[in-house]
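Visitor: So here's model.cif (mmCIF, C-alpha atoms and all ligand atoms; chains and numbers go by the auth columns).
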```
data_structure
#
loop_
_atom_site.group_PDB
_atom_site.id
_atom_site.type_symbol
_atom_site.label_atom_id
_atom_site.label_comp_id
_atom_site.label_asym_id
_atom_site.label_seq_id
_atom_site.Cartn_x
_atom_site.Cartn_y
_atom_site.Cartn_z
_atom_site.B_iso_or_equiv
_atom_site.auth_seq_id
_atom_site.auth_asym_id
ATOM 1 C CA MET A 1 -14.376 18.677 -7.047 0.00 96 A
ATOM 2 C CA GLY A 2 -12.041 20.983 -8.904 0.00 97 A
ATOM 3 C CA GLY A 3 -12.002 20.785 -12.663 0.00 98 A
ATOM 4 C CA ALA A 4 -9.067 19.511 -14.652 0.00 99 A
ATOM 5 C CA VAL A 5 -6.022 21.717 -14.424 0.00 100 A
ATOM 6 C CA ARG A 6 -5.492 23.301 -17.791 0.00 101 A
ATOM 7 C CA GLY A 7 -2.261 24.716 -19.087 0.00 102 A
ATOM 8 C CA PRO A 8 -2.095 27.611 -21.515 0.00 103 A
ATOM 9 C CA PRO A 9 -4.140 26.873 -24.664 0.00 104 A
ATOM 10 C CA CYS A 10 -0.961 26.437 -26.686 0.00 105 A
ATOM 11 C CA LEU A 11 -0.004 23.452 -24.518 0.00 106 A
ATOM 12 C CA ASP A 12 -3.405 21.725 -24.686 0.00 107 A
ATOM 13 C CA ARG A 13 -2.515 19.718 -27.737 0.00 108 A
ATOM 14 C CA VAL A 14 1.206 19.536 -28.104 0.00 109 A
ATOM 15 C CA LYS A 15 2.072 19.506 -31.787 0.00 110 A
ATOM 16 C CA PRO A 16 5.510 18.077 -32.284 0.00 111 A
ATOM 17 C CA VAL A 17 6.478 19.747 -35.543 0.00 112 A
ATOM 18 C CA ASN A 18 7.555 23.385 -35.449 0.00 113 A
ATOM 19 C CA ILE A 19 6.627 25.861 -38.170 0.00 114 A
ATOM 20 C CA VAL A 20 9.694 27.954 -38.961 0.00 115 A
ATOM 21 C CA LEU A 21 9.227 31.253 -40.783 0.00 116 A
ATOM 22 C CA ILE A 22 12.164 32.632 -42.717 0.00 117 A
ATOM 23 C CA GLY A 23 12.561 35.535 -45.123 0.00 118 A
ATOM 24 C CA PHE A 24 14.002 38.962 -45.693 0.00 119 A
ATOM 25 C CA MET A 25 13.421 41.946 -43.395 0.00 120 A
ATOM 26 C CA GLY A 26 9.922 43.315 -43.905 0.00 121 A
ATOM 27 C CA ALA A 27 8.413 39.978 -44.958 0.00 122 A
ATOM 28 C CA GLY A 28 6.065 39.980 -41.935 0.00 123 A
ATOM 29 C CA LYS A 29 7.574 36.973 -40.147 0.00 124 A
ATOM 30 C CA SER A 30 6.830 38.361 -36.666 0.00 125 A
ATOM 31 C CA ILE A 31 3.310 39.633 -37.163 0.00 126 A
ATOM 32 C CA CYS A 32 2.203 36.711 -39.365 0.00 127 A
ATOM 33 C CA GLY A 33 3.948 34.310 -36.991 0.00 128 A
ATOM 34 C CA ARG A 34 1.962 35.639 -34.037 0.00 129 A
ATOM 35 C CA VAL A 35 -1.341 35.323 -35.888 0.00 130 A
ATOM 36 C CA LEU A 36 -0.387 31.902 -37.251 0.00 131 A
ATOM 37 C CA ALA A 37 0.443 30.721 -33.727 0.00 132 A
ATOM 38 C CA ARG A 38 -2.897 31.972 -32.401 0.00 133 A
ATOM 39 C CA ARG A 39 -4.861 30.396 -35.243 0.00 134 A
ATOM 40 C CA SER A 40 -3.097 27.050 -34.965 0.00 135 A
ATOM 41 C CA GLY A 41 -2.940 26.840 -31.144 0.00 136 A
ATOM 42 C CA ARG A 42 0.823 26.987 -30.941 0.00 137 A
ATOM 43 C CA CYS A 43 3.329 28.980 -28.904 0.00 138 A
ATOM 44 C CA PHE A 44 5.222 31.716 -30.722 0.00 139 A
ATOM 45 C CA VAL A 45 8.935 32.396 -30.399 0.00 140 A
ATOM 46 C CA GLU A 46 11.189 34.810 -32.198 0.00 141 A
ATOM 47 C CA THR A 47 14.937 34.354 -32.535 0.00 142 A
ATOM 48 C CA ASP A 48 15.591 38.097 -32.184 0.00 143 A
ATOM 49 C CA ASP A 49 13.779 38.074 -28.793 0.00 144 A
ATOM 50 C CA MET A 50 15.810 35.051 -27.702 0.00 145 A
ATOM 51 C CA ILE A 51 19.018 36.896 -28.599 0.00 146 A
ATOM 52 C CA VAL A 52 17.965 39.993 -26.646 0.00 147 A
ATOM 53 C CA ALA A 53 17.024 37.822 -23.647 0.00 148 A
ATOM 54 C CA ARG A 54 20.326 35.928 -23.809 0.00 149 A
ATOM 55 C CA ASP A 55 22.579 38.975 -24.312 0.00 150 A
ATOM 56 C CA GLY A 56 20.677 41.611 -22.332 0.00 151 A
ATOM 57 C CA ARG A 57 21.114 44.281 -25.008 0.00 152 A
ATOM 58 C CA SER A 58 18.966 45.425 -27.910 0.00 153 A
ATOM 59 C CA ILE A 59 19.870 44.287 -31.428 0.00 154 A
ATOM 60 C CA PRO A 60 21.040 47.756 -32.555 0.00 155 A
ATOM 61 C CA GLU A 61 23.255 47.869 -29.434 0.00 156 A
ATOM 62 C CA ILE A 62 24.790 44.464 -30.199 0.00 157 A
ATOM 63 C CA PHE A 63 25.509 45.506 -33.805 0.00 158 A
ATOM 64 C CA GLY A 64 26.731 48.950 -32.702 0.00 159 A
ATOM 65 C CA ARG A 65 29.137 47.781 -30.007 0.00 160 A
ATOM 66 C CA ASP A 66 30.254 44.301 -31.098 0.00 161 A
ATOM 67 C CA GLY A 67 29.459 44.249 -34.808 0.00 162 A
ATOM 68 C CA GLU A 68 27.507 41.964 -37.112 0.00 163 A
ATOM 69 C CA GLU A 69 29.750 38.939 -36.564 0.00 164 A
ATOM 70 C CA ARG A 70 28.923 38.812 -32.825 0.00 165 A
ATOM 71 C CA PHE A 71 25.231 39.014 -33.682 0.00 166 A
ATOM 72 C CA ARG A 72 25.592 36.085 -36.115 0.00 167 A
ATOM 73 C CA GLN A 73 27.325 34.053 -33.381 0.00 168 A
ATOM 74 C CA LEU A 74 24.404 34.721 -31.060 0.00 169 A
ATOM 75 C CA GLU A 75 22.056 33.571 -33.822 0.00 170 A
ATOM 76 C CA GLY A 76 24.030 30.323 -33.966 0.00 171 A
ATOM 77 C CA GLU A 77 23.635 29.891 -30.203 0.00 172 A
ATOM 78 C CA VAL A 78 19.866 30.406 -30.233 0.00 173 A
ATOM 79 C CA LEU A 79 19.620 28.003 -33.153 0.00 174 A
ATOM 80 C CA GLU A 80 21.043 25.371 -30.784 0.00 175 A
ATOM 81 C CA ASP A 81 18.450 26.303 -28.123 0.00 176 A
ATOM 82 C CA LEU A 82 15.661 25.913 -30.679 0.00 177 A
ATOM 83 C CA ARG A 83 16.335 22.179 -30.775 0.00 178 A
ATOM 84 C CA LEU A 84 14.333 21.949 -27.543 0.00 179 A
ATOM 85 C CA LYS A 85 11.213 23.489 -29.104 0.00 180 A
ATOM 86 C CA ARG A 86 8.273 21.316 -30.050 0.00 181 A
ATOM 87 C CA GLY A 87 5.197 22.446 -31.955 0.00 182 A
ATOM 88 C CA ASN A 88 6.038 26.149 -31.900 0.00 183 A
ATOM 89 C CA VAL A 89 5.824 28.831 -34.541 0.00 184 A
ATOM 90 C CA ILE A 90 9.378 30.176 -34.819 0.00 185 A
ATOM 91 C CA ALA A 91 10.073 33.496 -36.543 0.00 186 A
ATOM 92 C CA THR A 92 13.724 33.892 -37.492 0.00 187 A
ATOM 93 C CA GLY A 93 15.749 37.049 -38.133 0.00 188 A
ATOM 94 C CA GLY A 94 16.241 37.752 -41.843 0.00 189 A
ATOM 95 C CA GLY A 95 19.929 36.834 -41.836 0.00 190 A
ATOM 96 C CA LEU A 96 19.778 33.755 -39.611 0.00 191 A
ATOM 97 C CA PRO A 97 19.370 31.119 -42.360 0.00 192 A
ATOM 98 C CA CYS A 98 22.130 32.626 -44.499 0.00 193 A
ATOM 99 C CA ARG A 99 25.205 30.779 -43.286 0.00 194 A
ATOM 100 C CA GLU A 100 26.512 27.365 -44.230 0.00 195 A
ATOM 101 C CA GLY A 101 24.515 24.602 -42.540 0.00 196 A
ATOM 102 C CA ARG A 102 21.820 26.822 -41.081 0.00 197 A
ATOM 103 C CA MET A 103 19.046 25.909 -43.505 0.00 198 A
ATOM 104 C CA GLU A 104 19.672 22.239 -42.750 0.00 199 A
ATOM 105 C CA ALA A 105 19.507 22.987 -39.014 0.00 200 A
ATOM 106 C CA LEU A 106 16.232 24.913 -39.442 0.00 201 A
ATOM 107 C CA LYS A 107 14.730 22.139 -41.564 0.00 202 A
ATOM 108 C CA SER A 108 15.524 19.623 -38.846 0.00 203 A
ATOM 109 C CA LEU A 109 13.287 21.652 -36.487 0.00 204 A
ATOM 110 C CA GLY A 110 10.134 21.381 -38.572 0.00 205 A
ATOM 111 C CA THR A 111 8.494 22.751 -41.691 0.00 206 A
ATOM 112 C CA VAL A 112 10.328 25.784 -43.011 0.00 207 A
ATOM 113 C CA VAL A 113 8.223 28.427 -44.759 0.00 208 A
ATOM 114 C CA TRP A 114 9.817 31.262 -46.747 0.00 209 A
ATOM 115 C CA LEU A 115 7.714 34.420 -46.693 0.00 210 A
ATOM 116 C CA ASP A 116 8.839 36.125 -49.873 0.00 211 A
ATOM 117 C CA GLY A 117 7.470 39.072 -51.820 0.00 212 A
ATOM 118 C CA ASP A 118 8.236 41.869 -54.173 0.00 213 A
ATOM 119 C CA PHE A 119 11.569 43.349 -53.070 0.00 214 A
ATOM 120 C CA ARG A 120 10.318 46.966 -53.078 0.00 215 A
ATOM 121 C CA GLU A 121 7.419 46.034 -50.827 0.00 216 A
ATOM 122 C CA LEU A 122 9.724 44.210 -48.387 0.00 217 A
ATOM 123 C CA HIS A 123 12.174 47.101 -48.404 0.00 218 A
ATOM 124 C CA ASP A 124 9.467 49.736 -47.796 0.00 219 A
ATOM 125 C CA ARG A 125 8.075 47.754 -44.875 0.00 220 A
ATOM 126 C CA ALA A 126 11.521 47.178 -43.359 0.00 221 A
ATOM 127 C CA ILE A 127 12.338 50.897 -43.635 0.00 222 A
ATOM 128 C CA ARG A 128 9.023 51.850 -42.026 0.00 223 A
ATOM 129 C CA ALA A 129 9.608 49.439 -39.133 0.00 224 A
ATOM 130 C CA GLY A 130 12.928 51.193 -38.358 0.00 225 A
ATOM 131 C CA ASP A 131 15.688 49.871 -36.087 0.00 226 A
ATOM 132 C CA ARG A 132 17.273 47.553 -38.679 0.00 227 A
ATOM 133 C CA PRO A 133 21.077 47.828 -38.437 0.00 228 A
ATOM 134 C CA MET A 134 21.481 45.952 -41.752 0.00 229 A
ATOM 135 C CA LEU A 135 19.742 48.856 -43.517 0.00 230 A
ATOM 136 C CA THR A 136 21.936 51.547 -41.996 0.00 231 A
ATOM 137 C CA GLY A 137 24.271 53.091 -44.556 0.00 232 A
ATOM 138 C CA ARG A 138 23.095 50.777 -47.377 0.00 233 A
ATOM 139 C CA SER A 139 21.524 52.146 -50.529 0.00 234 A
ATOM 140 C CA PRO A 140 18.339 50.435 -51.801 0.00 235 A
ATOM 141 C CA ALA A 141 20.521 48.824 -54.519 0.00 236 A
ATOM 142 C CA ASP A 142 22.866 47.392 -51.860 0.00 237 A
ATOM 143 C CA VAL A 143 19.920 46.071 -49.871 0.00 238 A
ATOM 144 C CA GLU A 144 18.506 44.488 -53.023 0.00 239 A
ATOM 145 C CA ALA A 145 21.872 42.826 -53.689 0.00 240 A
ATOM 146 C CA LEU A 146 21.779 41.430 -50.135 0.00 241 A
ATOM 147 C CA TYR A 147 18.249 40.130 -50.724 0.00 242 A
ATOM 148 C CA ARG A 148 19.278 38.440 -54.004 0.00 243 A
ATOM 149 C CA GLN A 149 22.295 36.857 -52.296 0.00 244 A
ATOM 150 C CA ARG A 150 20.133 35.515 -49.493 0.00 245 A
ATOM 151 C CA THR A 151 17.572 33.920 -51.782 0.00 246 A
ATOM 152 C CA ALA A 152 20.098 31.107 -52.406 0.00 247 A
ATOM 153 C CA PHE A 153 19.481 30.072 -48.783 0.00 248 A
ATOM 154 C CA TYR A 154 15.796 30.983 -48.487 0.00 249 A
ATOM 155 C CA ARG A 155 14.829 28.951 -51.534 0.00 250 A
ATOM 156 C CA GLN A 156 15.834 25.754 -49.731 0.00 251 A
ATOM 157 C CA ALA A 157 12.668 26.127 -47.595 0.00 252 A
ATOM 158 C CA HIS A 158 9.995 23.422 -47.752 0.00 253 A
ATOM 159 C CA LEU A 159 7.401 26.018 -48.785 0.00 254 A
ATOM 160 C CA THR A 160 7.422 29.484 -50.311 0.00 255 A
ATOM 161 C CA ILE A 161 4.573 31.959 -49.919 0.00 256 A
ATOM 162 C CA ASP A 162 4.455 35.070 -52.095 0.00 257 A
ATOM 163 C CA THR A 163 3.115 37.778 -49.797 0.00 258 A
ATOM 164 C CA THR A 164 3.044 40.543 -52.436 0.00 259 A
ATOM 165 C CA GLY A 165 -0.045 42.692 -51.975 0.00 260 A
ATOM 166 C CA LEU A 166 -1.483 40.447 -49.250 0.00 261 A
ATOM 167 C CA GLY A 167 -2.695 41.367 -45.776 0.00 262 A
ATOM 168 C CA ILE A 168 -1.670 39.466 -42.639 0.00 263 A
ATOM 169 C CA ASP A 169 -4.754 37.208 -42.514 0.00 264 A
ATOM 170 C CA GLU A 170 -4.388 36.309 -46.169 0.00 265 A
ATOM 171 C CA VAL A 171 -0.739 35.397 -45.685 0.00 266 A
ATOM 172 C CA VAL A 172 -1.566 33.266 -42.646 0.00 267 A
ATOM 173 C CA GLY A 173 -4.415 31.569 -44.532 0.00 268 A
ATOM 174 C CA ARG A 174 -2.061 30.715 -47.382 0.00 269 A
ATOM 175 C CA VAL A 175 0.559 29.353 -45.011 0.00 270 A
ATOM 176 C CA LEU A 176 -2.004 27.126 -43.294 0.00 271 A
ATOM 177 C CA ARG A 177 -3.369 25.877 -46.627 0.00 272 A
ATOM 178 C CA ALA A 178 0.112 25.181 -47.969 0.00 273 A
ATOM 179 C CA LEU A 179 1.023 23.280 -44.795 0.00 274 A
ATOM 180 C CA ARG A 180 -2.140 21.176 -45.107 0.00 275 A
ATOM 181 C CA ASP A 181 -1.443 20.474 -48.776 0.00 276 A
ATOM 182 C CA LEU A 182 2.115 19.458 -47.926 0.00 277 A
ATOM 183 C CA ASP A 183 1.035 17.083 -45.187 0.00 278 A
ATOM 184 C CA PRO A 184 -2.690 16.723 -44.470 0.00 279 A
ATOM 185 C CA ARG A 185 -1.956 15.087 -41.081 0.00 280 A
ATOM 186 C CA GLY A 186 0.924 17.401 -40.198 0.00 281 A
ATOM 187 C CA ALA A 187 1.844 20.969 -39.297 0.00 282 A
ATOM 188 C CA GLY A 188 -1.166 22.788 -40.774 0.00 283 A
ATOM 189 C CA ARG A 189 -3.837 20.968 -38.764 0.00 284 A
HETATM 190 C C1 LIG B . 18.518 41.066 -39.733 0.00 1 B
HETATM 191 C C2 LIG B . 17.159 41.050 -39.617 0.00 1 B
HETATM 192 C C3 LIG B . 16.465 41.434 -38.373 0.00 1 B
HETATM 193 C C4 LIG B . 17.389 41.200 -37.159 0.00 1 B
HETATM 194 C C5 LIG B . 18.700 41.887 -37.361 0.00 1 B
HETATM 195 C C6 LIG B . 19.436 41.391 -38.618 0.00 1 B
HETATM 196 C C7 LIG B . 19.129 40.682 -41.048 0.00 1 B
HETATM 197 O O1 LIG B . 15.280 40.667 -38.207 0.00 1 B
HETATM 198 O O2 LIG B . 17.598 39.832 -36.961 0.00 1 B
HETATM 199 O O3 LIG B . 18.454 43.274 -37.442 0.00 1 B
HETATM 200 O O4 LIG B . 20.330 40.420 -41.106 0.00 1 B
HETATM 201 O O5 LIG B . 18.369 40.626 -42.040 0.00 1 B
HETATM 202 P P1 LIG B . 13.973 40.858 -39.164 0.00 1 B
HETATM 203 O O6 LIG B . 14.169 39.965 -40.342 0.00 1 B
HETATM 204 O O7 LIG B . 12.852 40.417 -38.291 0.00 1 B
HETATM 205 O O8 LIG B . 13.890 42.289 -39.546 0.00 1 B
#
```
As structure tokens, what does this structure read like?
Ligand code: S3P

Guide:
Amino acid sequence: MGGAVRGPPCLDRVKPVNIVLIGFMGAGKSICGRVLARRSGRCFVETDDMIVARDGRSIPEIFGRDGEERFRQLEGEVLEDLRLKRGNVIATGGGLPCREGRMEALKSLGTVVWLDGDFRELHDRAIRAGDRPMLTGRSPADVEALYRQRTAFYRQAHLTIDTTGLGIDEVVGRVLRALRDLDPRGAGR
């Protein structure tokens, strides 16, 4: 007899509550999100990938041709699509939470974790990663002002992890511990 049909490991135990990572460019939401998903047996999704899949163009192309406002609209559309996700790790673009009502919408999807850190470290990492239209033509002081402005939204997260000086595994370990402390029977299991 054939064995039981098994789906992908991330569907074996469906965990209803999503883990939503937010934070400024360079915070490590994508890389930590991938590792976090692997370590917690969840699927990983990224809002920037959803936007590219929906629109068919790269993010720099969307910004370049249609401007930031169009990109923010697309973020709003994928935020709607996220309501169908269950038990995923969701990495959001750095600007997605920073509009009226968006933090509330993210918090309705699951546990929201702000990956924060020393601004200079975030900025250096974002610069090294390249391809960030929000950095184009902005001085470090302008980018810092943007970061400070955005913290008003980010700080509404359920949890904040200071990533300063930490490697990926350490960040993921701290996220998992913080999730367990928040709810021993919940998202960090
Ligand atoms: C943006 C951050 C980017 C991407 C887009 C806009 C922002 O994502 O969504 O370039 O406004 O901060 P990361 O936070 O993954 O760099």

Visitor: Specify as a ChimeraX atom specification each residue included when the PyMOL selection byres (((not hetatm)) within 9 of (chain B and resi 1)) is applied to this file.

Guide: /A:117-125,141-143,146,154-155,158,163,166-167,170,186-191,193,221,224,226-230,241-242

Visitor: I'd like the residues picked by the PyMOL selection byres (((chain A and resi 203) around 12) and not hetatm) written out as a CSV table (one decimal) with C-alpha atoms, keeping the file's coordinate frame, using the chain letters and numbers from the file.

Guide:
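The new file out-v7.csv reads:
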```csv
chain,number,residue,atom,x,y,z
A,112,VAL,CA,6.5,19.7,-35.5
A,113,ASN,CA,7.6,23.4,-35.4
A,114,ILE,CA,6.6,25.9,-38.2
A,115,VAL,CA,9.7,28.0,-39.0
A,174,LEU,CA,19.6,28.0,-33.2
A,175,GLU,CA,21.0,25.4,-30.8
A,177,LEU,CA,15.7,25.9,-30.7
A,178,ARG,CA,16.3,22.2,-30.8
A,179,LEU,CA,14.3,21.9,-27.5
A,180,LYS,CA,11.2,23.5,-29.1
A,181,ARG,CA,8.3,21.3,-30.0
A,196,GLY,CA,24.5,24.6,-42.5
A,197,ARG,CA,21.8,26.8,-41.1
A,198,MET,CA,19.0,25.9,-43.5
A,199,GLU,CA,19.7,22.2,-42.8
A,200,ALA,CA,19.5,23.0,-39.0
A,201,LEU,CA,16.2,24.9,-39.4
A,202,LYS,CA,14.7,22.1,-41.6
A,204,LEU,CA,13.3,21.7,-36.5
A,205,GLY,CA,10.1,21.4,-38.6
A,206,THR,CA,8.5,22.8,-41.7
A,207,VAL,CA,10.3,25.8,-43.0
A,252,ALA,CA,12.7,26.1,-47.6
A,253,HIS,CA,10.0,23.4,-47.8
```

Visitor: One decimal, in Å: what's the spacing between CA of Leu271 in chain A and CA of Leu254 in chain A?

Guide: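 Computing it gives 10.9 Å between the two atoms.
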
Visitor: Would you work out the distance separating CA of Ala273 in chain A from CA of Asp213 in chain A, expressed in Å to one decimal?

Guide: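 Distance between the two atoms: 19.6 Å.
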
Visitor: Decode the PyMOL selection byres (((chain A and resi 131) around 12) and not hetatm) for the given file into explicit residues and return them as a PyMOL selection string.

Guide: chain A and resi 105+113-116+123-130+132-140+183-186+208+263-272+274+282-284

Visitor: Would you mind reading off the distance between CA of Met145 in chain A and CA of Arg223 in chain A, one decimal, in Å?

Guide: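 Value for the CA of Met145 in chain A-CA of Arg223 in chain A distance: 23.1 Å.
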
Visitor: Nearest to Gly159 in chain A among A:Thr246, A:Leu277, A:Thr231, A:Glu239, with distances taken over only C-alpha atoms: which residue is it?

Guide: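 Of A:Thr246, A:Leu277, A:Thr231, A:Glu239, the one nearest Gly159 in chain A, counting only C-alpha atoms, is A:Thr231.
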
Visitor: Under the rule that all atoms listed in the file are counted, which of A:Asp176, A:Asp237, A:Asp257, A:Glu164 is the nearest residue to Trp209 in chain A?

Guide: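 Checking each candidate against Trp209 in chain A, we get A:Asp257 as the closest.
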
Visitor: As JSON, please: the centre and edge lengths in Å, to one decimal, of an axis-aligned box enclosing every listed atom of range 159-175 of chain A with 6 Å added on each side.

Guide:
```
{"center_x": 24.9, "center_y": 37.2, "center_z": -33.6, "size_x": 22.6, "size_y": 35.6, "size_z": 19.1}
```
